[in-house]
>>> print(open('entry.tsv').read())   # TSV, C-alpha atoms (C1' of nucleotides)
chain	number	residue	atom	x	y	z
A	3	MET	CA	63.88	149.84	-52.00
A	4	PRO	CA	66.65	147.30	-52.04
A	5	VAL	CA	65.38	143.95	-50.98
A	6	LEU	CA	67.99	142.29	-48.82
A	7	PHE	CA	71.26	144.17	-49.17
A	8	SER	CA	72.03	147.87	-49.38
A	9	ARG	CA	72.84	149.31	-52.78
A	10	ALA	CA	76.49	149.48	-51.86
A	11	CYS	CA	76.40	145.78	-51.09
A	12	GLU	CA	74.51	144.89	-54.23
A	13	TYR	CA	77.09	146.70	-56.33
A	14	ALA	CA	80.00	145.16	-54.49
A	15	LEU	CA	78.66	141.66	-54.91
A	16	ARG	CA	78.03	142.21	-58.59
A	17	ALA	CA	81.60	143.34	-59.07
A	18	LEU	CA	83.08	140.58	-56.92
A	19	PHE	CA	81.17	137.91	-58.80
A	20	GLU	CA	82.45	139.37	-62.04
A	21	MET	CA	86.00	139.18	-60.73
A	22	ALA	CA	85.55	135.64	-59.48
A	23	ARG	CA	84.12	134.59	-62.79
A	24	GLN	CA	87.42	135.35	-64.50
A	25	GLU	CA	90.05	134.25	-62.13
A	26	GLU	CA	92.70	134.47	-64.83
A	27	GLN	CA	92.48	138.24	-64.68
A	28	GLU	CA	94.00	139.17	-61.40
A	29	SER	CA	93.85	142.95	-61.29
A	30	TRP	CA	90.82	145.02	-62.10
A	31	THR	CA	90.26	148.73	-62.37
A	32	VAL	CA	87.10	150.22	-61.01
A	33	GLN	CA	86.22	151.57	-64.43
A	34	GLU	CA	86.34	148.16	-65.98
A	35	LEU	CA	84.24	146.57	-63.26
A	36	ALA	CA	81.75	149.39	-63.15
A	37	GLN	CA	81.15	149.16	-66.87
A	38	ARG	CA	80.75	145.42	-66.85
A	39	THR	CA	78.39	145.32	-63.90
A	40	HIS	CA	76.50	148.56	-64.60
A	41	THR	CA	77.33	150.14	-61.29
A	42	PRO	CA	78.30	153.77	-60.59
A	43	ALA	CA	82.07	153.78	-60.61
A	44	PRO	CA	82.85	156.29	-57.83
A	45	PHE	CA	80.40	154.60	-55.51
A	46	LEU	CA	81.83	151.20	-56.24
A	47	ALA	CA	85.32	152.55	-55.62
A	48	LYS	CA	84.22	153.79	-52.24
A	49	THR	CA	82.80	150.52	-51.05
A	50	PHE	CA	85.76	148.63	-52.47
A	51	GLN	CA	87.92	150.60	-50.09
A	52	SER	CA	86.16	149.07	-47.15
A	53	LEU	CA	86.62	145.64	-48.65
A	54	VAL	CA	90.33	146.33	-48.74
A	55	LYS	CA	90.24	147.22	-45.06
A	56	GLY	CA	88.18	144.10	-44.47
A	57	ASP	CA	90.83	141.91	-46.04
A	58	ILE	CA	88.71	140.77	-48.95
A	59	LEU	CA	90.60	142.77	-51.55
A	60	THR	CA	94.01	144.29	-52.04
A	61	SER	CA	94.63	147.45	-53.99
A	62	THR	CA	97.63	148.86	-55.79
A	63	LYS	CA	97.82	152.43	-56.87
A	64	GLY	CA	99.49	153.77	-59.91
A	65	ARG	CA	99.52	153.20	-63.57
A	66	SER	CA	98.90	149.48	-63.74
A	67	GLY	CA	97.11	149.37	-60.45
A	68	GLY	CA	93.68	148.16	-59.49
A	69	PHE	CA	91.92	145.79	-57.15
A	70	ALA	CA	92.54	142.10	-56.66
A	71	PHE	CA	91.39	139.43	-54.28
A	72	ALA	CA	93.27	139.28	-51.02
A	73	ARG	CA	92.32	135.61	-50.73
A	74	ARG	CA	91.19	133.11	-53.28
A	75	PRO	CA	87.48	133.54	-53.97
A	76	ASP	CA	86.79	130.03	-52.78
A	77	GLN	CA	87.95	131.23	-49.37
A	78	ILE	CA	85.57	134.18	-49.19
A	79	LEU	CA	82.11	133.69	-47.76
A	80	LEU	CA	79.30	135.89	-48.92
A	81	MET	CA	78.57	136.62	-45.29
A	82	GLU	CA	81.94	138.26	-44.86
A	83	VAL	CA	81.26	140.72	-47.64
A	84	VAL	CA	77.78	141.49	-46.39
A	85	ALA	CA	78.94	141.95	-42.83
A	86	ILE	CA	81.66	144.38	-43.86
A	87	ILE	CA	79.39	146.53	-45.96
A	88	ASP	CA	76.00	146.28	-44.30
A	89	GLY	CA	77.08	145.51	-40.77
A	90	PRO	CA	75.48	143.07	-38.38
A	91	ALA	CA	71.91	144.35	-38.67
A	92	LEU	CA	70.75	141.44	-40.79
A	93	VAL	CA	71.81	139.00	-38.13
A	94	GLU	CA	71.07	141.00	-35.02
A	95	ASN	CA	68.09	143.25	-35.54
A	96	CYS	CA	64.42	142.66	-34.91
A	97	ALA	CA	62.29	142.61	-38.03
A	98	LEU	CA	59.89	145.07	-36.46
A	99	GLY	CA	62.69	147.35	-35.31
A	100	LEU	CA	62.14	146.75	-31.61
A	101	PRO	CA	65.41	147.20	-29.74
A	102	THR	CA	64.33	145.04	-26.82
A	103	CYS	CA	63.13	142.10	-28.86
A	104	GLY	CA	64.87	138.82	-28.20
A	105	ASP	CA	64.19	135.26	-27.17
A	106	ARG	CA	63.32	136.46	-23.69
A	107	ASN	CA	61.07	139.20	-24.85
A	108	PRO	CA	59.93	138.27	-28.34
A	109	CYS	CA	57.89	140.46	-30.63
A	110	PRO	CA	54.94	138.89	-32.43
A	111	PHE	CA	57.06	138.28	-35.48
A	112	HIS	CA	60.10	137.01	-33.62
A	113	GLN	CA	59.79	133.31	-34.33
A	114	ASN	CA	58.97	133.89	-37.95
A	115	TRP	CA	61.90	136.19	-38.48
A	116	LYS	CA	64.17	133.78	-36.71
A	117	GLU	CA	63.22	131.11	-39.17
A	118	ILE	CA	63.74	133.38	-42.15
A	119	ARG	CA	67.00	134.66	-40.79
A	120	THR	CA	68.27	131.14	-40.28
A	121	SER	CA	67.67	130.47	-43.92
A	122	ILE	CA	69.47	133.65	-44.94
A	123	VAL	CA	72.42	133.20	-42.63
A	124	SER	CA	72.96	129.56	-43.39
A	125	ILE	CA	73.18	130.36	-47.08
A	126	LEU	CA	75.44	133.36	-46.70
A	127	ARG	CA	77.71	131.47	-44.35
A	128	SER	CA	78.07	128.42	-46.54
A	129	GLU	CA	78.31	129.99	-49.96
A	130	THR	CA	81.61	131.35	-51.26
A	131	LEU	CA	82.18	133.84	-54.04
A	132	ALA	CA	83.69	131.05	-56.12
A	133	GLN	CA	80.72	128.77	-55.67
A	134	SER	CA	78.22	131.39	-56.68
A	135	SER	CA	80.06	132.48	-59.77
A	136	LEU	CA	80.81	128.94	-60.82
A	137	ALA	CA	77.18	127.97	-60.47
A	138	HIS	CA	76.36	131.02	-62.49
A	139	LYS	CA	78.76	130.13	-65.25
A	140	LEU	CA	77.61	126.54	-65.50
A	141	GLY	CA	73.98	127.14	-64.84
A	142	ARG	CA	73.55	129.58	-67.66
A	143	ARG	CA	72.67	127.61	-70.71
A	144	PRO	CA	73.54	128.79	-74.20
A	145	MET	CA	69.94	128.36	-75.18
A	146	ARG	CA	70.20	125.79	-77.89
A	147	LYS	CA	67.37	124.68	-79.99
A	148	SER	CA	67.16	121.09	-78.96
A	149	THR	CA	63.84	119.38	-78.95
A	150	LYS	CA	64.90	117.30	-76.04
A	151	PRO	CA	66.32	119.18	-73.15
A	152	LYS	CA	69.45	117.55	-71.95
A	153	ILE	CA	70.23	116.93	-68.42
A	154	SER	CA	70.53	120.35	-67.04
A	155	PRO	CA	73.50	120.97	-64.82
A	156	GLY	CA	71.00	122.03	-62.25
A	157	ARG	CA	72.31	123.66	-59.22
A	158	PRO	CA	75.87	122.67	-58.63
A	159	ARG	CA	75.89	123.18	-54.97
A	160	THR	CA	78.52	121.53	-53.00
A	161	SER	CA	76.23	121.59	-50.06
B	13	MET	CA	68.85	150.14	-42.14
B	14	PRO	CA	65.62	148.23	-41.74
B	15	VAL	CA	66.16	144.58	-42.21
B	16	LEU	CA	63.23	143.16	-44.11
B	17	PHE	CA	60.43	145.72	-44.14
B	18	SER	CA	60.47	149.49	-44.55
B	19	ARG	CA	60.05	151.60	-41.43
B	20	ALA	CA	56.50	152.40	-42.42
B	21	CYS	CA	55.78	148.69	-42.59
B	22	GLU	CA	57.50	147.93	-39.31
B	23	TYR	CA	55.40	150.56	-37.58
B	24	ALA	CA	52.19	149.41	-39.21
B	25	LEU	CA	52.76	145.80	-38.21
B	26	ARG	CA	53.56	146.79	-34.65
B	27	ALA	CA	50.32	148.73	-34.43
B	28	LEU	CA	48.25	146.04	-36.13
B	29	PHE	CA	49.58	143.37	-33.79
B	30	GLU	CA	48.69	145.56	-30.87
B	31	MET	CA	45.17	145.95	-32.18
B	32	ALA	CA	44.82	142.24	-32.84
B	33	ARG	CA	46.03	141.47	-29.37
B	34	GLN	CA	43.02	143.18	-27.87
B	35	GLU	CA	40.17	142.30	-30.10
B	36	GLU	CA	37.67	143.53	-27.53
B	37	GLN	CA	38.66	147.09	-28.28
B	38	GLU	CA	37.36	147.76	-31.71
B	39	SER	CA	38.31	151.33	-32.43
B	40	TRP	CA	41.73	152.85	-31.91
B	41	THR	CA	43.09	156.34	-32.27
B	42	VAL	CA	46.48	156.85	-33.78
B	43	GLN	CA	47.65	158.52	-30.60
B	44	GLU	CA	46.81	155.51	-28.52
B	45	LEU	CA	48.50	153.10	-30.88
B	46	ALA	CA	51.55	155.26	-31.39
B	47	GLN	CA	52.12	155.49	-27.68
B	48	ARG	CA	51.71	151.81	-27.08
B	49	THR	CA	53.95	150.73	-29.91
B	50	HIS	CA	56.50	153.54	-29.71
B	51	THR	CA	55.98	154.70	-33.22
B	52	PRO	CA	55.84	158.29	-34.54
B	53	ALA	CA	52.14	159.13	-34.61
B	54	PRO	CA	51.93	161.26	-37.77
B	55	PHE	CA	53.89	158.73	-39.73
B	56	LEU	CA	51.75	155.87	-38.51
B	57	ALA	CA	48.63	157.84	-39.40
B	58	LYS	CA	49.92	158.27	-42.90
B	59	THR	CA	50.58	154.61	-43.51
B	60	PHE	CA	47.29	153.66	-41.89
B	61	GLN	CA	45.58	155.64	-44.60
B	62	SER	CA	46.92	153.30	-47.22
B	63	LEU	CA	45.74	150.33	-45.19
B	64	VAL	CA	42.26	151.82	-45.29
B	65	LYS	CA	42.49	152.04	-49.07
B	66	GLY	CA	43.81	148.52	-49.08
B	67	ASP	CA	40.79	147.22	-47.24
B	68	ILE	CA	42.66	146.14	-44.16
B	69	LEU	CA	41.29	148.89	-41.93
B	70	THR	CA	38.29	151.16	-41.78
B	71	SER	CA	38.40	154.67	-40.41
B	72	THR	CA	35.83	156.97	-38.93
B	73	LYS	CA	36.46	160.65	-38.49
B	74	GLY	CA	35.19	162.80	-35.73
B	75	ARG	CA	35.09	162.86	-32.03
B	76	SER	CA	34.86	159.19	-31.19
B	77	GLY	CA	36.49	158.10	-34.38
B	78	GLY	CA	39.57	156.07	-35.07
B	79	PHE	CA	40.74	153.01	-36.94
B	80	ALA	CA	39.32	149.51	-36.82
B	81	PHE	CA	39.83	146.28	-38.71
B	82	ALA	CA	37.91	146.01	-41.95
B	83	ARG	CA	38.05	142.24	-41.61
B	84	ARG	CA	38.67	140.00	-38.66
B	85	PRO	CA	42.39	139.73	-37.97
B	86	ASP	CA	42.28	135.99	-38.58
B	87	GLN	CA	41.37	136.84	-42.15
B	88	ILE	CA	44.30	139.16	-42.76
B	89	LEU	CA	47.56	137.71	-44.03
B	90	LEU	CA	50.80	139.43	-43.18
B	91	MET	CA	51.61	139.38	-46.87
B	92	GLU	CA	48.65	141.61	-47.63
B	93	VAL	CA	49.89	144.28	-45.28
B	94	VAL	CA	53.44	144.08	-46.57
B	95	ALA	CA	52.34	144.20	-50.19
B	96	ILE	CA	50.22	147.29	-49.61
B	97	ILE	CA	52.94	149.21	-47.83
B	98	ASP	CA	56.18	147.98	-49.36
B	99	GLY	CA	54.88	146.91	-52.73
B	100	PRO	CA	55.90	143.85	-54.69
B	101	ALA	CA	59.67	144.38	-54.54
B	102	LEU	CA	60.22	141.66	-51.95
B	103	VAL	CA	58.63	139.10	-54.21
B	104	GLU	CA	59.71	140.39	-57.59
B	105	ASN	CA	63.10	142.01	-57.39
B	106	CYS	CA	66.55	140.58	-57.85
B	107	ALA	CA	68.68	140.57	-54.72
B	108	LEU	CA	71.52	142.19	-56.62
B	109	GLY	CA	69.26	144.80	-58.17
B	110	LEU	CA	69.60	143.51	-61.72
B	111	PRO	CA	66.47	144.33	-63.69
B	112	THR	CA	67.04	141.54	-66.20
B	113	CYS	CA	67.60	138.79	-63.69
B	114	GLY	CA	65.16	135.91	-63.85
B	115	ASP	CA	65.01	132.18	-64.22
B	116	ARG	CA	66.11	132.49	-67.85
B	117	ASN	CA	68.91	134.87	-67.11
B	118	PRO	CA	69.89	134.32	-63.50
B	119	CYS	CA	72.38	136.38	-61.59
B	120	PRO	CA	74.96	134.51	-59.49
B	121	PHE	CA	72.79	134.86	-56.42
B	122	HIS	CA	69.54	134.00	-58.11
B	123	GLN	CA	69.06	130.47	-56.82
B	124	ASN	CA	70.05	131.45	-53.32
B	125	TRP	CA	67.69	134.37	-53.21
B	126	LYS	CA	64.94	132.24	-54.64
B	127	GLU	CA	65.34	129.85	-51.77
B	128	ILE	CA	65.35	132.62	-49.19
B	129	ARG	CA	62.41	134.34	-50.78
B	130	THR	CA	60.43	131.14	-50.77
B	131	SER	CA	60.92	130.94	-47.04
B	132	ILE	CA	59.86	134.54	-46.58
B	133	VAL	CA	56.85	134.37	-48.82
B	134	SER	CA	55.56	131.09	-47.51
B	135	ILE	CA	55.58	132.50	-44.00
B	136	LEU	CA	54.01	135.80	-44.91
B	137	ARG	CA	51.34	134.09	-46.96
B	138	SER	CA	50.37	131.58	-44.31
B	139	GLU	CA	50.53	133.71	-41.19
B	140	THR	CA	47.61	135.92	-40.18
B	141	LEU	CA	47.64	138.88	-37.84
B	142	ALA	CA	45.61	136.87	-35.38
B	143	GLN	CA	48.02	133.95	-35.40
B	144	SER	CA	51.04	136.11	-34.77
B	145	SER	CA	49.56	138.06	-31.93
B	146	LEU	CA	48.09	134.98	-30.31
B	147	ALA	CA	51.43	133.21	-30.44
B	148	HIS	CA	52.91	136.31	-28.97
B	149	LYS	CA	50.42	136.46	-26.11
B	150	LEU	CA	50.87	132.84	-25.21
B	151	GLY	CA	54.57	132.65	-25.79
B	152	ARG	CA	55.42	135.61	-23.67
B	153	ARG	CA	56.14	134.68	-20.12
B	154	PRO	CA	54.63	136.76	-17.35
B	155	MET	CA	57.86	138.48	-16.37
B	156	ARG	CA	57.72	138.30	-12.62
B	157	LYS	CA	58.63	141.10	-10.43
B	158	SER	CA	62.20	140.72	-9.36
B	159	THR	CA	64.11	143.34	-7.47
B	160	LYS	CA	67.24	142.63	-9.38
B	161	PRO	CA	66.86	142.19	-13.06
B	162	LYS	CA	69.40	139.71	-14.34
B	163	ILE	CA	69.75	141.19	-17.72
B	164	SER	CA	70.09	144.84	-18.33
B	165	PRO	CA	67.43	146.24	-20.56
B	166	GLY	CA	68.10	148.38	-23.54
B	167	ARG	CA	70.73	146.42	-25.30
B	168	PRO	CA	69.47	144.72	-28.43
B	169	ARG	CA	69.91	141.01	-28.17
B	170	THR	CA	70.09	138.37	-30.76
B	171	SER	CA	68.34	135.08	-30.69
C	15	DA	C1'	25.64	176.81	-33.10
C	16	DC	C1'	30.00	176.04	-31.16
C	17	DT	C1'	33.82	173.44	-29.52
C	18	DT	C1'	36.51	169.43	-29.39
C	19	DT	C1'	38.46	165.44	-31.31
C	20	DT	C1'	39.50	162.80	-34.82
C	21	DT	C1'	40.97	161.35	-39.71
C	22	DC	C1'	42.32	163.17	-44.50
C	23	DG	C1'	45.51	164.92	-47.76
C	24	DG	C1'	48.85	167.72	-49.26
C	25	DA	C1'	53.02	170.27	-48.35
C	26	DT	C1'	57.16	170.63	-46.02
C	27	DT	C1'	61.15	169.53	-43.30
C	28	DT	C1'	64.68	166.47	-41.66
C	29	DT	C1'	67.56	162.58	-41.97
C	30	DT	C1'	69.72	158.91	-44.28
C	31	DT	C1'	71.33	156.83	-48.25
C	32	DT	C1'	73.25	157.08	-52.61
C	33	DA	C1'	76.18	159.28	-55.80
C	34	DT	C1'	79.63	162.52	-57.33
C	35	DC	C1'	83.45	165.67	-57.06
C	36	DT	C1'	88.03	167.13	-55.91
C	37	DT	C1'	92.58	166.84	-54.40
C	38	DA	C1'	96.36	164.05	-53.12
C	39	DT	C1'	99.28	160.04	-53.65
C	40	DT	C1'	101.32	156.25	-55.93
C	41	DT	C1'	103.48	153.90	-59.81
C	42	DA	C1'	104.64	152.70	-64.58
C	43	DT	C1'	105.89	154.58	-68.85
C	44	DT	C1'	108.13	157.84	-71.83
D	28	DA	C1'	112.07	164.52	-64.85
D	29	DA	C1'	107.56	164.59	-66.79
D	30	DT	C1'	103.31	162.48	-67.84
D	31	DA	C1'	99.55	159.41	-67.46
D	32	DA	C1'	96.72	156.27	-64.98
D	33	DA	C1'	95.20	154.47	-61.08
D	34	DT	C1'	93.55	154.28	-55.94
D	35	DA	C1'	92.73	157.05	-51.30
D	36	DA	C1'	90.13	159.97	-48.76
D	37	DG	C1'	87.51	163.65	-47.54
D	38	DA	C1'	84.00	166.98	-49.04
D	39	DT	C1'	79.96	167.85	-51.38
D	40	DA	C1'	75.58	167.14	-54.00
D	41	DA	C1'	71.47	164.71	-55.17
D	42	DA	C1'	67.91	161.54	-54.21
D	43	DA	C1'	65.14	158.84	-51.35
D	44	DA	C1'	63.13	157.71	-47.08
D	45	DA	C1'	61.41	159.05	-42.77
D	46	DA	C1'	59.10	162.24	-40.10
D	47	DT	C1'	56.45	166.41	-39.29
D	48	DC	C1'	53.27	170.10	-40.06
D	49	DC	C1'	49.07	172.33	-41.38
D	50	DG	C1'	44.54	173.33	-43.12
D	51	DA	C1'	40.40	170.99	-43.97
D	52	DA	C1'	36.47	167.92	-43.16
D	53	DA	C1'	33.69	165.12	-40.30
D	54	DA	C1'	31.30	163.74	-36.21
D	55	DA	C1'	30.14	163.82	-31.37
D	56	DG	C1'	29.36	166.44	-27.20
D	57	DT	C1'	28.10	170.83	-24.96
>>> encode(input="entry.tsv", output="structure tokens")
Amino acid sequence: MPVLFSRACEYALRALFEMARQEEQESWTVQELAQRTHTPAPFLAKTFQSLVKGDILTSTKGRSGGFAFARRPDQILLMEVVAIIDGPALVENCALGLPTCGDRNPCPFHQNWKEIRTSIVSILRSETLAQSSLAHKLGRRPMRKSTKPKISPGRPRTS
Amino acid sequence: MPVLFSRACEYALRALFEMARQEEQESWTVQELAQRTHTPAPFLAKTFQSLVKGDILTSTKGRSGGFAFARRPDQILLMEVVAIIDGPALVENCALGLPTCGDRNPCPFHQNWKEIRTSIVSILRSETLAQSSLAHKLGRRPMRKSTKPKISPGRPRTS
DNA sequence: ACTTTTTCGGATTTTTTTATCTTATTTATT
DNA sequence: AATAAATAAGATAAAAAAATCCGAAAAAGT
């Protein structure tokens, strides 16, 4: 039912984007993030643990503990997060599930999938958490009533 | 664990490509297809039923029965098959699972996913079963008989 | 008619994914 | 010290997906 990422990955990205959006807050509890991003807290906590192991986050226990970025969010590629949580399937597997499919022995969908995958991978490998959440912040317009639309910020991609 | 399509859809496509590859054979039993494409027969049979309802296949019961194309495979878009089996999620859903995400209220990944999805959809909407299996037939090299295979089989390979 | 072979359709089982629960540990505050 | 608040980690439960099973119906061959 999920469309590109597993649920765990969807939730993690939602929470990470929320964190990146407010860099001034450095430590976050799972409760806080779960509420803000509408994700099940215990599940989010679980997947956050693997992000700690994967050197995306740090965690501190205890009363004023929580999770924080291990690196600045402009140094974290989306691909890293996805790879940690969903593994290499997205990059390695055949779209028809054939274990022997490859350039030497392509399935009928091989070339098509290769093209799609290139698009996916090139985005995930070039986009950082900071970029995505910045674009989100800027791109979202306050919905003014102006008869003439101003120049929209468009897509601030650093490309 | 599947990467773009559900298992049911992967299996169905494998079987449909196999059928399209040999247009001279018009009727196929599930057993035959399942064996050739290494898919679980009862499961394939189940999903084939929905393709009959979806006007991709016809079925005839009884002794010399089986499944056949309802239309010529050059008139069947991959997107039709995917839509019947996996539904509209691929085209409609947010990549982060947010029900309210849309152009007016985009999630941080919205523009990226839109771009990826465009690539997916444009391929699935332009490619027919016949095209894919023809490309496959022609593209596949005749695999000559060598006493020593250079690459070991069995290990999934990327690109 | 009877048997065989096939799809049909529902029910059921198994497996995987998703979600929660529980206990332990850590740390700040009182 | 005691308490409260937080993550850690393993166990468990629930839900969904994948796979199987079974009785029925249909059609061809004997």
>>> atom_distance(input="entry.tsv", atom1="atom CA of B:Val93", atom2="atom CA of B:Ile135")
13.1 Å
>>> closest_atom_pairs(input="entry.tsv", of="stretch 26-95 of chain A", to="stretch 28-36 of chain D", cutoff="7 Å", atoms="all atoms listed in the file", output="JSON lines")
{"residue": "A:Thr62", "atom": "CA", "partner": "D:DT34", "partner_atom": "C1'", "distance": 6.8}
{"residue": "A:Lys63", "atom": "CA", "partner": "D:DT34", "partner_atom": "C1'", "distance": 4.7}
{"residue": "A:Gly64", "atom": "CA", "partner": "D:DA33", "partner_atom": "C1'", "distance": 4.5}
{"residue": "A:Arg65", "atom": "CA", "partner": "D:DA32", "partner_atom": "C1'", "distance": 4.4}
{"residue": "A:Ser66", "atom": "CA", "partner": "D:DA33", "partner_atom": "C1'", "distance": 6.8}
{"residue": "A:Gly67", "atom": "CA", "partner": "D:DA33", "partner_atom": "C1'", "distance": 5.5}
{"residue": "A:Gly68", "atom": "CA", "partner": "D:DA33", "partner_atom": "C1'", "distance": 6.7}
>>> axis_aligned_box(input="entry.tsv", around="stretch 22-36 of chain C", padding_each_side="5 Å", output="lines of an AutoDock Vina configuration file")
center_x = 65.2
center_y = 163.7
center_z = -49.5
size_x = 55.7
size_y = 23.8
size_z = 25.7
>>> interface_residues(input="entry.tsv", of="chain B", to="chain D", cutoff="12 Å", atoms="all atoms listed in the file", output="list in words")
Met13, Pro14, Ser18, Arg19, Ala20, Cys21, Tyr23, Thr51, Pro52, Ala53, Pro54, Phe55, Leu56, Ala57, Lys58, Thr59, Ser71, Thr72, Lys73, Gly74, Arg75, Ser76, Gly77 and Gly78 of chain B
>>> closest_residue(input="entry.tsv", among="B:Gln61, B:Thr49, B:Gln87, B:Thr70", to="chain A", atoms="only C-alpha atoms")
B:Thr49
>>> closest_residue(input="entry.tsv", among="B:Val64, B:Leu25, B:Leu89, B:Ala46", to="chain C", atoms="all atoms listed in the file")
B:Val64
>>> residues_around(input="entry.tsv", residues="B:Leu110", least_positions_apart="2", cutoff="10 Å", atoms="only C-alpha atoms (C1' of nucleotides)", output="ChimeraX atom specification")
/A:12-13,16,39-40 /B:105-108,112-114,118-119
>>> residues_around(input="entry.tsv", residues="B:Lys126", least_positions_apart="2", cutoff="10 Å", atoms="only C-alpha atoms (C1' of nucleotides)", output="PyMOL selection string")
chain B and resi 103+106-107+114-115+121-124+128-132
>>> atom_distance(input="entry.tsv", atom1="atom CA of A:Asn107", atom2="atom CA of B:Met91")
24.0 Å
>>> closest_residue(input="entry.tsv", among="B:Arg116, B:Ser134, B:Phe60, B:Ala82", to="chain C", atoms="all atoms listed in the file")
B:Phe60
>>> atom_distance(input="entry.tsv", atom1="atom C1' of C:DT37", atom2="atom CA of A:Val32")
18.7 Å
>>> residues_near_point(input="entry.tsv", point="(49.3, 150.2, -32.8)", cutoff="7 Å", atoms="only C-alpha atoms (C1' of nucleotides)", output="PyMOL selection string")
chain B and resi 26-31+45-46+48-49
>>> interface_residues(input="entry.tsv", of="chain C", to="chain A", cutoff="10 Å", atoms="only C-alpha atoms (C1' of nucleotides)", output="list in words")
DT31, DT32, DA33, DT34, DC35, DT39, DT40, DT41, DA42 and DT43 of chain C
>>> closest_residue(input="entry.tsv", among="B:Trp40, B:Leu150, B:Asp86, B:Leu102", to="chain A", atoms="all atoms listed in the file")
B:Leu102
